[in-house]
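Source file: coords-v1.txt (compact mmCIF, C-alpha atoms and all ligand atoms)
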# COMPACT_ATOMS: atom_id res chain seq x y z
CA MET A 23 0.00 0.00 0.00
CA ASN A 24 1.27 3.49 -0.82
CA ILE A 25 0.97 5.86 2.12
CA LEU A 26 1.46 9.58 1.74
CA LEU A 27 2.25 10.98 5.18
CA GLY A 28 1.86 14.70 5.84
CA VAL A 29 3.60 15.94 8.99
CA SER A 30 2.62 19.30 10.48
CA GLY A 31 4.27 21.36 13.17
CA GLY A 32 3.51 19.94 16.60
CA ILE A 33 5.63 18.21 19.21
CA ALA A 34 4.02 14.88 18.23
CA ALA A 35 5.95 15.15 14.93
CA TYR A 36 8.67 13.08 16.59
CA LYS A 37 6.24 10.15 16.85
CA ALA A 38 5.68 10.34 13.09
CA ALA A 39 9.22 9.02 12.61
CA ASP A 40 8.27 5.79 14.42
CA LEU A 41 5.08 5.70 12.37
CA VAL A 42 7.09 5.62 9.14
CA ARG A 43 9.24 2.79 10.47
CA ARG A 44 6.20 0.72 11.44
CA LEU A 45 4.46 1.29 8.12
CA ARG A 46 7.57 0.10 6.31
CA GLU A 47 7.65 -2.98 8.56
CA ARG A 48 4.16 -3.73 7.26
CA ASP A 49 5.38 -3.53 3.66
CA CYS A 50 3.89 -0.11 2.96
CA ALA A 51 5.71 2.33 0.68
CA VAL A 52 5.82 5.70 2.46
CA ARG A 53 6.44 9.19 1.05
CA VAL A 54 6.64 12.06 3.50
CA VAL A 55 5.77 15.74 3.03
CA MET A 56 6.20 18.29 5.80
CA THR A 57 4.93 21.75 6.59
CA ALA A 58 7.60 24.37 7.22
CA ALA A 59 6.68 24.34 10.94
CA ALA A 60 7.16 20.55 11.13
CA THR A 61 10.79 20.94 10.06
CA ALA A 62 11.38 22.95 13.25
CA PHE A 63 10.54 19.79 15.26
CA VAL A 64 12.08 16.98 13.19
CA SER A 65 14.61 17.16 10.38
CA PRO A 66 13.45 16.06 6.90
CA LEU A 67 16.60 13.92 6.84
CA THR A 68 15.12 11.71 9.59
CA PHE A 69 12.08 10.96 7.45
CA GLN A 70 14.23 10.51 4.35
CA ALA A 71 16.34 7.88 6.12
CA LEU A 72 13.27 6.05 7.45
CA SER A 73 11.13 6.20 4.31
CA GLY A 74 13.96 5.69 1.82
CA HIS A 75 12.74 8.64 -0.27
CA PRO A 76 13.51 12.37 -0.39
CA VAL A 77 11.15 14.43 1.73
CA ARG A 78 9.31 17.40 0.24
CA THR A 79 8.74 20.51 2.32
CA ALA A 80 7.71 23.12 -0.26
CA LEU A 81 5.09 23.35 -2.96
CA LEU A 82 7.11 25.53 -5.27
CA ASP A 83 10.32 23.52 -5.40
CA PRO A 84 11.65 23.35 -9.00
CA ALA A 85 14.04 20.47 -8.23
CA ALA A 86 11.35 18.32 -6.59
CA GLU A 87 8.77 19.11 -9.26
CA ALA A 88 11.22 17.87 -11.89
CA GLY A 89 11.02 14.43 -10.20
CA MET A 90 7.65 13.12 -8.98
CA ASP A 91 5.60 16.33 -9.15
CA HIS A 92 2.93 17.06 -6.57
CA ILE A 93 0.08 15.88 -8.81
CA GLU A 94 1.85 12.57 -9.46
CA LEU A 95 2.46 12.23 -5.72
CA ALA A 96 -1.24 12.82 -5.03
CA ARG A 97 -2.16 10.14 -7.60
CA TRP A 98 0.45 7.69 -6.25
CA ALA A 99 -1.13 7.53 -2.78
CA ASP A 100 -3.54 4.76 -1.73
CA ARG A 101 -4.05 6.52 1.62
CA VAL A 102 -3.18 10.00 2.83
CA LEU A 103 -2.47 10.35 6.55
CA LEU A 104 -1.80 13.69 8.22
CA ALA A 105 -0.04 12.97 11.51
CA PRO A 106 0.21 15.02 13.57
CA ALA A 107 -2.60 17.21 12.29
CA THR A 108 -2.44 20.52 14.15
CA ALA A 109 -5.44 22.80 14.79
CA ASP A 110 -4.07 25.15 12.13
CA LEU A 111 -3.76 22.41 9.50
CA ILE A 112 -7.28 21.17 10.31
CA ALA A 113 -8.64 24.73 9.91
CA ARG A 114 -6.92 25.17 6.55
CA LEU A 115 -8.20 21.80 5.32
CA ALA A 116 -11.73 22.63 6.44
CA ALA A 117 -11.52 25.92 4.52
CA GLY A 118 -10.33 24.06 1.41
CA LEU A 119 -7.11 26.06 1.21
CA ALA A 120 -4.13 24.95 -0.86
CA ASP A 121 -1.49 27.24 0.61
CA ASP A 122 1.23 24.65 1.23
CA LEU A 123 2.21 21.21 0.00
CA PRO A 124 0.11 19.01 2.39
CA THR A 125 -3.12 21.00 1.84
CA THR A 126 -2.55 21.08 -1.92
CA LEU A 127 -2.01 17.31 -2.01
CA VAL A 128 -5.22 16.75 -0.06
CA LEU A 129 -7.18 18.65 -2.72
CA ALA A 130 -5.33 16.90 -5.54
CA THR A 131 -5.79 13.30 -4.35
CA ALA A 132 -8.70 10.90 -4.69
CA ALA A 133 -7.26 8.66 -1.93
CA PRO A 134 -9.04 8.35 1.45
CA LEU A 135 -7.82 10.95 3.95
CA TYR A 136 -7.02 10.20 7.60
CA LEU A 137 -6.21 12.79 10.26
CA ALA A 138 -4.43 12.15 13.56
CA PRO A 139 -5.09 15.36 15.51
CA ALA A 140 -2.54 16.49 18.09
CA MET A 141 -2.89 19.70 20.06
CA ASN A 142 -3.39 21.26 23.47
CA GLN A 143 -6.62 20.07 25.12
CA GLN A 144 -8.14 23.58 25.16
CA MET A 145 -7.44 24.01 21.45
CA TRP A 146 -9.04 20.61 20.81
CA ARG A 147 -12.15 21.58 22.79
CA HIS A 148 -12.46 24.99 21.06
CA PRO A 149 -15.71 25.20 19.06
CA ALA A 150 -13.75 26.39 15.99
CA THR A 151 -11.69 23.17 15.96
CA GLN A 152 -14.75 20.99 16.58
CA GLU A 153 -16.71 22.73 13.79
CA ASN A 154 -13.78 22.29 11.39
CA LEU A 155 -13.62 18.58 12.21
CA GLU A 156 -17.36 18.20 11.70
CA ARG A 157 -17.00 19.74 8.23
CA LEU A 158 -14.15 17.40 7.39
CA ARG A 159 -16.01 14.33 8.69
CA GLY A 160 -18.94 15.39 6.53
CA ARG A 161 -16.58 15.14 3.54
CA GLY A 162 -15.64 11.57 4.47
CA VAL A 163 -12.39 12.33 6.27
CA GLN A 164 -11.55 9.79 9.00
CA VAL A 165 -10.41 11.31 12.27
CA LEU A 166 -8.22 8.95 14.32
CA GLY A 167 -8.15 9.90 17.98
CA PRO A 168 -6.97 11.95 19.66
CA GLY A 169 -5.98 10.12 22.86
CA VAL A 170 -6.53 11.47 26.35
CA GLY A 171 -3.71 11.98 28.83
CA SER A 172 -0.89 14.22 29.95
CA GLN A 173 0.39 16.66 27.35
CA ALA A 174 3.79 18.13 26.53
CA CYS A 175 2.51 21.57 27.69
CA GLY A 176 1.72 20.16 31.16
CA ASP A 177 -2.07 20.02 30.61
CA HIS A 178 -4.13 16.86 30.90
CA GLY A 179 -7.01 15.97 28.62
CA PRO A 180 -7.88 15.12 25.01
CA GLY A 181 -5.42 16.10 22.29
CA ARG A 182 -2.57 13.58 22.35
CA MET A 183 -1.80 12.04 18.99
CA LEU A 184 -2.66 8.32 18.95
CA GLU A 185 0.36 6.04 19.28
CA PRO A 186 2.01 5.04 15.98
CA ALA A 187 0.91 1.40 16.47
CA GLU A 188 -2.71 2.51 16.80
CA LEU A 189 -2.47 4.64 13.67
CA VAL A 190 -0.96 1.77 11.69
CA ALA A 191 -3.71 -0.60 12.87
CA ALA A 192 -6.43 1.91 11.92
CA LEU A 193 -4.92 2.61 8.53
CA LEU A 194 -4.44 -1.03 7.59
CA ALA A 195 -7.65 -2.29 9.23
CA ALA A 196 -9.50 0.02 6.84
CA ASP A 197 -8.69 -2.37 4.01
CA PRO A 198 -7.99 -5.87 5.32
CA GLY A 199 -7.72 -7.11 1.71
CA LEU A 200 -4.49 -5.16 1.36
CA ASP A 201 -3.09 -6.46 4.61
CA SER A 202 -1.03 -9.61 4.88
CA GLY A 203 -0.18 -9.98 8.57
CA PRO A 204 0.26 -13.52 9.97
CA LEU A 205 -3.04 -13.23 11.86
CA THR A 206 -5.08 -11.74 9.02
CA GLY A 207 -8.76 -12.45 9.67
CA VAL A 208 -8.11 -14.40 12.91
CA ARG A 209 -11.04 -13.69 15.23
CA THR A 210 -9.55 -12.71 18.55
CA LEU A 211 -10.83 -11.87 22.02
CA VAL A 212 -8.59 -10.11 24.55
CA THR A 213 -9.39 -9.24 28.17
CA ALA A 214 -7.63 -6.32 29.86
CA GLY A 215 -7.66 -4.12 32.92
CA PRO A 216 -8.90 -4.70 36.45
CA THR A 217 -12.33 -5.69 37.72
CA ARG A 218 -14.23 -3.92 40.48
CA GLU A 219 -16.24 -5.94 42.95
CA PRO A 220 -18.81 -3.80 44.80
CA LEU A 221 -18.82 -3.67 48.58
CA ASP A 222 -21.65 -1.16 48.70
CA PRO A 223 -22.96 1.48 46.23
CA VAL A 224 -19.84 3.64 46.62
CA ARG A 225 -16.97 1.23 47.35
CA TYR A 226 -15.39 -1.71 45.60
CA LEU A 227 -12.54 -4.21 45.87
CA GLY A 228 -10.15 -3.63 42.98
CA ASN A 229 -6.53 -4.06 41.95
CA ARG A 230 -3.68 -2.07 40.43
CA SER A 231 -4.09 -3.09 36.79
CA SER A 232 -4.09 -0.06 34.47
CA GLY A 233 -5.02 -2.07 31.37
CA ARG A 234 -1.84 -0.96 29.56
CA MET A 235 -0.50 -4.46 28.98
CA GLY A 236 -3.80 -5.85 27.69
CA TYR A 237 -4.51 -2.82 25.49
CA ALA A 238 -1.02 -3.06 24.01
CA VAL A 239 -1.57 -6.76 23.31
CA ALA A 240 -4.92 -6.03 21.62
CA THR A 241 -3.24 -3.33 19.49
CA ALA A 242 -0.32 -5.56 18.56
CA LEU A 243 -2.58 -8.47 17.55
CA ALA A 244 -4.68 -6.11 15.40
CA GLU A 245 -1.46 -4.86 13.79
CA LEU A 246 -0.77 -8.46 12.73
CA GLY A 247 -4.14 -8.55 11.02
CA ALA A 248 -6.33 -10.10 13.75
CA ARG A 249 -9.94 -8.95 14.14
CA VAL A 250 -9.82 -8.04 17.79
CA THR A 251 -12.55 -7.53 20.38
CA LEU A 252 -11.29 -6.16 23.67
CA VAL A 253 -13.28 -6.87 26.82
CA SER A 254 -12.05 -4.22 29.19
CA GLY A 255 -12.43 -3.56 32.89
CA PRO A 256 -12.45 0.11 33.99
CA THR A 257 -9.36 1.94 32.69
CA ALA A 258 -8.43 5.49 31.73
CA LEU A 259 -7.12 4.39 28.32
CA PRO A 260 -8.49 5.38 24.91
CA SER A 261 -9.79 2.54 22.74
CA PRO A 262 -7.09 1.10 20.48
CA ALA A 263 -7.80 2.01 16.86
CA GLY A 264 -9.27 -0.78 14.77
CA VAL A 265 -10.30 -2.78 17.85
CA ALA A 266 -13.91 -3.29 19.03
CA ARG A 267 -14.20 -2.59 22.75
CA VAL A 268 -16.73 -3.92 25.26
CA ASP A 269 -16.65 -2.26 28.69
CA VAL A 270 -17.38 -4.24 31.84
CA GLU A 271 -16.91 -3.59 35.53
CA THR A 272 -17.11 -6.78 37.58
CA ALA A 273 -15.63 -10.24 37.09
CA GLY A 274 -19.20 -11.50 36.62
CA GLU A 275 -19.75 -9.04 33.76
CA MET A 276 -16.39 -9.93 32.20
CA HIS A 277 -17.27 -13.62 32.46
CA ALA A 278 -20.63 -13.02 30.72
CA ALA A 279 -19.07 -10.81 28.00
CA VAL A 280 -16.37 -13.40 27.24
CA LEU A 281 -18.68 -16.42 27.29
CA ALA A 282 -21.11 -14.67 24.95
CA ARG A 283 -18.37 -14.29 22.33
CA VAL A 284 -15.89 -17.09 22.83
CA ASP A 285 -17.51 -19.67 20.56
CA ALA A 286 -17.04 -17.30 17.63
CA VAL A 287 -13.31 -16.69 18.11
CA ASP A 288 -10.11 -18.48 17.10
CA LEU A 289 -7.78 -16.92 19.65
CA PHE A 290 -8.32 -15.85 23.27
CA VAL A 291 -5.77 -13.86 25.30
CA ALA A 292 -6.55 -13.20 28.98
CA ALA A 293 -4.49 -10.22 30.16
CA ALA A 294 -7.08 -8.90 32.63
CA ALA A 295 -6.45 -8.92 36.35
CA VAL A 296 -9.74 -10.54 37.34
CA ALA A 297 -10.74 -10.56 40.99
CA ASP A 298 -10.72 -14.13 42.28
CA TYR A 299 -13.25 -13.23 45.00
CA ARG A 300 -16.17 -10.83 45.40
CA PRO A 301 -18.12 -9.69 48.45
CA ALA A 302 -20.86 -12.27 49.01
CA ALA A 303 -23.54 -9.70 49.68
CA PRO A 304 -22.78 -6.11 48.66
CA ALA A 305 -24.57 -3.72 51.02
CA PRO A 306 -27.54 -1.97 49.38
CA GLN A 307 -26.68 1.27 51.26
CA LYS A 308 -23.34 2.90 52.03
CA ILE A 309 -21.72 1.00 54.93
CA LYS A 310 -21.52 3.30 57.98
CA LYS A 311 -18.57 3.25 60.31
CA ALA A 312 -19.84 1.72 63.50
CA ASP A 313 -17.83 -1.12 65.00
CA ALA A 314 -14.05 -1.13 65.27
CA GLU A 315 -13.91 -4.10 62.90
CA LEU A 316 -15.75 -4.88 59.73
CA VAL A 317 -15.79 -8.43 58.41
CA VAL A 318 -16.66 -8.95 54.76
CA ARG A 319 -17.39 -12.45 53.51
CA LEU A 320 -16.01 -13.14 50.04
CA VAL A 321 -17.06 -15.81 47.55
CA ARG A 322 -15.16 -17.18 44.53
CA ASN A 323 -15.60 -15.66 41.11
CA PRO A 324 -15.64 -17.93 38.05
CA ASP A 325 -12.22 -18.50 36.47
CA ILE A 326 -12.86 -17.13 32.99
CA LEU A 327 -9.61 -18.37 31.48
CA ALA A 328 -10.01 -21.92 32.83
CA GLU A 329 -13.60 -22.06 31.59
CA VAL A 330 -12.65 -20.93 28.10
CA ALA A 331 -9.80 -23.46 27.83
CA ALA A 332 -12.12 -26.26 29.05
CA ARG A 333 -14.74 -25.71 26.34
CA PRO A 334 -15.34 -28.62 23.95
CA SER A 335 -13.70 -26.76 21.02
CA PRO A 336 -11.65 -24.06 22.74
CA PRO A 337 -9.95 -21.23 20.88
CA PHE A 338 -6.13 -21.09 20.99
CA THR A 339 -5.99 -19.91 24.61
CA VAL A 340 -3.22 -17.76 26.06
CA GLY A 341 -3.17 -16.81 29.74
CA PHE A 342 -1.13 -14.42 31.84
CA ALA A 343 0.30 -15.13 35.28
CA ALA A 344 1.00 -12.31 37.73
CA GLU A 345 3.21 -13.53 40.56
CA THR A 346 5.09 -12.17 43.55
CA ASP A 347 7.16 -15.35 44.11
CA ARG A 348 8.30 -18.50 42.22
CA LEU A 349 7.19 -16.96 38.92
CA GLU A 350 7.96 -19.89 36.68
CA ASP A 351 6.66 -22.64 39.02
CA HIS A 352 3.31 -20.92 39.45
CA ALA A 353 3.04 -20.07 35.75
CA LEU A 354 3.81 -23.66 34.72
CA ALA A 355 1.20 -24.95 37.15
CA LYS A 356 -1.38 -22.59 35.59
CA LEU A 357 -0.36 -23.62 32.07
CA ARG A 358 -0.90 -27.29 32.94
CA THR A 359 -3.96 -27.19 35.20
CA LYS A 360 -5.85 -24.73 33.00
CA ARG A 361 -4.70 -26.59 29.85
CA LEU A 362 -3.48 -23.44 28.09
CA ARG A 363 -1.55 -23.26 24.83
CA MET A 364 0.73 -20.53 26.21
CA ILE A 365 1.18 -18.42 29.32
CA ALA A 366 2.91 -15.04 29.72
CA ALA A 367 4.27 -14.70 33.24
CA ASN A 368 5.26 -11.42 34.87
CA TRP A 369 6.45 -10.27 38.25
CA VAL A 370 4.10 -7.92 40.08
CA GLY A 371 4.82 -5.87 43.18
CA ALA A 372 8.54 -5.63 42.31
CA THR A 373 10.50 -2.41 41.75
CA GLU A 374 10.19 -2.69 37.96
CA GLY A 375 7.48 -3.86 35.56
CA GLY A 376 4.09 -5.40 36.35
CA PHE A 377 1.04 -3.30 37.20
CA GLU A 378 0.61 0.35 36.21
CA ARG A 379 4.13 0.94 34.90
CA SER A 380 4.86 1.59 31.25
CA ASP A 381 7.59 -1.11 31.08
CA ASN A 382 7.33 -4.83 31.71
CA ALA A 383 9.13 -8.13 31.12
CA LEU A 384 7.60 -11.55 30.39
CA THR A 385 8.60 -15.18 30.62
CA VAL A 386 6.48 -16.88 27.97
CA LEU A 387 5.94 -20.62 28.41
CA TRP A 388 4.21 -23.26 26.31
CA PRO A 389 4.15 -27.04 26.73
CA ASP A 390 7.49 -27.64 24.95
CA GLY A 391 9.16 -24.27 24.88
CA ARG A 392 9.85 -20.91 26.45
CA ARG A 393 11.02 -17.39 25.55
CA GLU A 394 12.30 -14.61 27.80
CA LEU A 395 11.17 -11.13 26.77
CA PRO A 396 13.30 -8.64 28.74
CA MET A 397 12.18 -5.36 30.31
CA MET A 398 10.94 -2.92 27.65
CA PRO A 399 7.98 -0.58 27.01
CA LYS A 400 4.70 -2.51 27.15
CA THR A 401 3.84 -1.44 23.58
CA GLN A 402 7.03 -3.03 22.26
CA LEU A 403 6.75 -6.05 24.57
CA ALA A 404 3.20 -6.65 23.34
CA ARG A 405 4.44 -6.63 19.74
CA GLU A 406 7.02 -9.30 20.55
CA LEU A 407 4.44 -11.35 22.43
CA ALA A 408 1.94 -11.00 19.56
CA LEU A 409 4.53 -12.28 17.08
CA LEU A 410 5.25 -15.24 19.32
CA ILE A 411 1.53 -16.00 19.69
CA ALA A 412 1.14 -15.73 15.90
CA GLU A 413 4.06 -18.12 15.39
CA ARG A 414 2.58 -20.74 17.73
CA TYR A 415 -0.99 -20.20 16.52
CA VAL A 416 0.02 -20.67 12.89
CA ALA A 417 2.12 -23.76 13.78
CA SER A 418 -0.88 -25.31 15.56
CA SER A 419 -3.45 -24.76 12.81
O1 LIG B 1 -2.78 -3.65 33.38
P1 LIG B 1 -1.34 -3.29 33.66
O2 LIG B 1 -1.19 -2.20 34.72
O3 LIG B 1 -0.57 -2.99 32.41
O4 LIG B 1 -0.65 -4.59 34.31
C1 LIG B 1 -0.49 -5.74 33.54
C2 LIG B 1 -0.81 -7.01 34.32
C3 LIG B 1 0.22 -7.21 35.41
C4 LIG B 1 -2.22 -6.93 34.94
C5 LIG B 1 -0.80 -8.18 33.25
O5 LIG B 1 0.47 -8.26 32.67
C6 LIG B 1 -1.15 -9.52 33.91
O6 LIG B 1 -0.32 -10.21 34.48
N1 LIG B 1 -2.45 -9.89 33.82
C7 LIG B 1 -2.99 -11.09 34.51
C8 LIG B 1 -3.24 -10.72 35.95
C9 LIG B 1 -3.81 -11.88 36.74
O7 LIG B 1 -4.94 -11.80 37.17
O8 LIG B 1 -3.04 -12.93 36.84
P2 LIG B 1 -3.41 -14.27 37.70
O9 LIG B 1 -2.12 -15.01 37.79
O10 LIG B 1 -4.13 -13.93 38.94
O11 LIG B 1 -4.43 -15.00 36.73
C10 LIG B 1 -4.03 -16.00 35.80
C11 LIG B 1 -4.83 -15.87 34.54
O12 LIG B 1 -6.20 -16.20 34.78
C12 LIG B 1 -4.84 -14.49 33.88
O13 LIG B 1 -4.78 -14.68 32.48
C13 LIG B 1 -6.21 -13.93 34.28
O14 LIG B 1 -6.72 -13.04 33.29
C14 LIG B 1 -7.05 -15.18 34.33
N2 LIG B 1 -8.16 -15.14 35.31
C15 LIG B 1 -7.91 -15.03 36.64
C16 LIG B 1 -8.96 -15.07 37.55
C17 LIG B 1 -10.28 -15.22 37.05
N3 LIG B 1 -11.30 -15.24 37.89
N4 LIG B 1 -10.50 -15.32 35.74
C18 LIG B 1 -9.47 -15.29 34.86
O15 LIG B 1 -9.69 -15.36 33.63

As structure tokens, how would this structure be written, given the file I've shared?
Amino acid sequence: MNILLGVSGGIAAYKAADLVRRLRERDCAVRVVMTAAATAFVSPLTFQALSGHPVRTALLDPAAEAGMDHIELARWADRVLLAPATADLIARLAAGLADDLPTTLVLATAAPLYLAPAMNQQMWRHPATQENLERLRGRGVQVLGPGVGSQACGDHGPGRMLEPAELVAALLAADPGLDSGPLTGVRTLVTAGPTREPLDPVRYLGNRSSGRMGYAVATALAELGARVTLVSGPTALPSPAGVARVDVETAGEMHAAVLARVDAVDLFVAAAAVADYRPAAPAPQKIKKADAELVVRLVRNPDILAEVAARPSPPFTVGFAAETDRLEDHALAKLRTKRLRMIAANWVGATEGGFERSDNALTVLWPDGRRELPMMPKTQLARELALLIAERYVASS
């Protein structure tokens, strides 16, 4: 697939470099054009090295026009992605201007247009920006994101550019026929995040899972071509692009959501931190402080993973194991007793990795093999795990 990437001038421009690398990994040909402001953030040489082609930064460039001119470039593209798309670029696109190379190419191409907005949260919320986006959506433009979270300016809120992996998944998921990942078309269910077990209408028993690991796994599997549904406990994370998300709160709800879908999937990955127990009888009213001690009786929740693996025709089932001691012994026991195809074991409660953090390490075990994946960002770790799952899934089918 030919991707024309337009980079405009925001701090997220640095992420566009990784985006180019990932698109090339997926066998896409990438040509990059930049606004003048973008070149203040990242050098065109960076994109030239990553894309393997000269980068154009000006519309009226006699040397560049003597090669592939801007009309040819617009015709060459199968998809046009503007990432990051600043508020200014979005406004100029909405007005139909052609006052620089990216806006001119957008008018000159018949290829589908995707925008990955990136800006300060107040600028994102401004009615002018929202009206401009509505106009663009009305013309068939696909707006990817933005994500919610902390921003380079110190603010918190919507306006972060989606992660490169999410943009790649969205771009390629749009035309699965053009995609050739090892899991293309594999129907996949992933669980992620914590569960909350109510004690009374205002309190719950929960755990430290942020959902990052499971969301990264869902994204990575989608990047390999899988059709992913993510059953998610409560998290603060934006939905991964190209992934269908089902929100649940309790282990009971997660159990029901998984069981309702599992017979229609080929692959199941359980990354959620599901509560093993729930309060037997949540109080109908807020529990008042009265006695010095409060005793809460807990009852067992269903083991979703074990139930899935024990079905008459189970999907290829991959579990996680979160341990504070004897990691490998406990993980192997879970692999065997739950009859899993693979298990990804991680330390929790240590000084590095595990819950909440952005990095993690995994020991991945299967009945006749193992692989150590060292400490790295969860997004990257998930990609390595997804490749390993794909390898074993393909070998087994
Ligand atoms: O979300 P993050 O902050 O990124 O943290 C990631 C993580 C540490 C939560 C993740 O990497 C992880 O280890 N997830 C599994 C956590 C867990 O509940 O492990 P466990 O060893 O207690 O459970 C074993 C397996 O059974 C898991 O696949 C779990 O999803 C599954 N399970 C457990 C209990 C239950 N009632 N139903 C289940 O399906």

task = Enumerate as a VMD selection string the residues within 7 Å of ligand LIG 1 (chain B), counting only C-alpha atoms and all ligand atoms.
result = chain A and resid 213 to 216 230 to 236 273 292 to 298 323 to 328 341 to 345 367 to 368 370 376 to 379

inquiry  = Could you tell me how far atom CA of A:Ala99 sits from atom CA of A:Ala133, in Å to one decimal place?
reply    = 6.3 Å

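Atom CA of A:Arg114 is positioned 18.3 Å from atom CA of A:Leu26.
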
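Between atom CA of A:Val165 and atom CA of A:Tyr237 lies a distance of 20.2 Å.
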
request  = Give the answer as one residue: which of A:Thr206, A:Asp121, A:His352, A:Arg249 has the shortest atom-to-atom distance to A:Thr385, using only C-alpha atoms?
outcome  = A:His352

ask   = Which residues, protein or nucleic acid, reach to within 6 Å of (8.0, 5.3, 5.0) in the file's coordinates when using only C-alpha atoms, and can you give that as JSON, numbers by chain?
value = {"A": [42, 46, 51, 52, 53, 72, 73]}

ask   = With only C-alpha atoms as the basis for distance, which of A:Gly264, A:Gly162, A:Gly28, A:Gly247 is at the shortest distance from A:Leu409?
value =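 Of all the options, A:Gly247 lies closest to A:Leu409.
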
query = Leaving out A:Ala286 and any residue of its chain fewer than 5 positions from it, which residues lie within 9 Å of it when counting all atoms listed in the file, given as a VMD selection string?
reply = chain A and resid 209 to 210 337

Generate N, CA and C atoms for stretch 168-185 of chain A and emit them as a short mmCIF file (atom, residue, chain, number, x, y, z; two decimals), in the coordinates of the input.
data_model
loop_
_atom_site.label_atom_id
_atom_site.label_comp_id
_atom_site.auth_asym_id
_atom_site.auth_seq_id
_atom_site.Cartn_x
_atom_site.Cartn_y
_atom_site.Cartn_z
N PRO A 168 -8.25 12.13 18.98
CA PRO A 168 -6.97 11.95 19.66
C PRO A 168 -7.13 11.13 20.94
N GLY A 169 -5.98 10.80 21.57
CA GLY A 169 -5.98 10.12 22.86
C GLY A 169 -6.13 11.16 23.97
N VAL A 170 -6.38 10.63 25.16
CA VAL A 170 -6.53 11.47 26.35
C VAL A 170 -5.35 11.19 27.26
N GLY A 171 -4.80 12.23 27.88
CA GLY A 171 -3.71 11.98 28.83
C GLY A 171 -2.91 13.23 29.08
N SER A 172 -1.71 13.06 29.65
CA SER A 172 -0.89 14.22 29.95
C SER A 172 -0.26 14.73 28.66
N GLN A 173 -0.08 16.04 28.58
CA GLN A 173 0.39 16.66 27.35
C GLN A 173 1.74 17.33 27.56
N ALA A 174 2.45 17.54 26.44
CA ALA A 174 3.79 18.13 26.53
C ALA A 174 3.75 19.49 27.23
N CYS A 175 2.62 20.22 27.10
CA CYS A 175 2.51 21.57 27.69
C CYS A 175 2.20 21.51 29.19
N GLY A 176 2.01 20.29 29.73
CA GLY A 176 1.72 20.16 31.16
C GLY A 176 0.23 19.98 31.44
N ASP A 177 -0.62 20.22 30.43
CA ASP A 177 -2.07 20.02 30.61
C ASP A 177 -2.40 18.53 30.60
N HIS A 178 -3.64 18.24 30.95
CA HIS A 178 -4.13 16.86 30.90
C HIS A 178 -5.48 16.89 30.21
N GLY A 179 -5.71 16.00 29.29
CA GLY A 179 -7.01 15.97 28.62
C GLY A 179 -6.89 15.43 27.22
N PRO A 180 -7.93 15.64 26.38
CA PRO A 180 -7.88 15.12 25.01
C PRO A 180 -6.98 15.97 24.12
N GLY A 181 -6.26 15.33 23.21
CA GLY A 181 -5.42 16.10 22.29
C GLY A 181 -4.10 15.42 21.98
N ARG A 182 -3.82 14.31 22.66
CA ARG A 182 -2.57 13.58 22.35
C ARG A 182 -2.74 12.81 21.05
N MET A 183 -1.73 12.85 20.21
CA MET A 183 -1.80 12.04 18.99
C MET A 183 -1.84 10.56 19.39
N LEU A 184 -2.65 9.76 18.69
CA LEU A 184 -2.66 8.32 18.95
C LEU A 184 -1.25 7.77 18.76
N GLU A 185 -0.96 6.66 19.41
CA GLU A 185 0.36 6.04 19.28
C GLU A 185 0.53 5.52 17.85
#
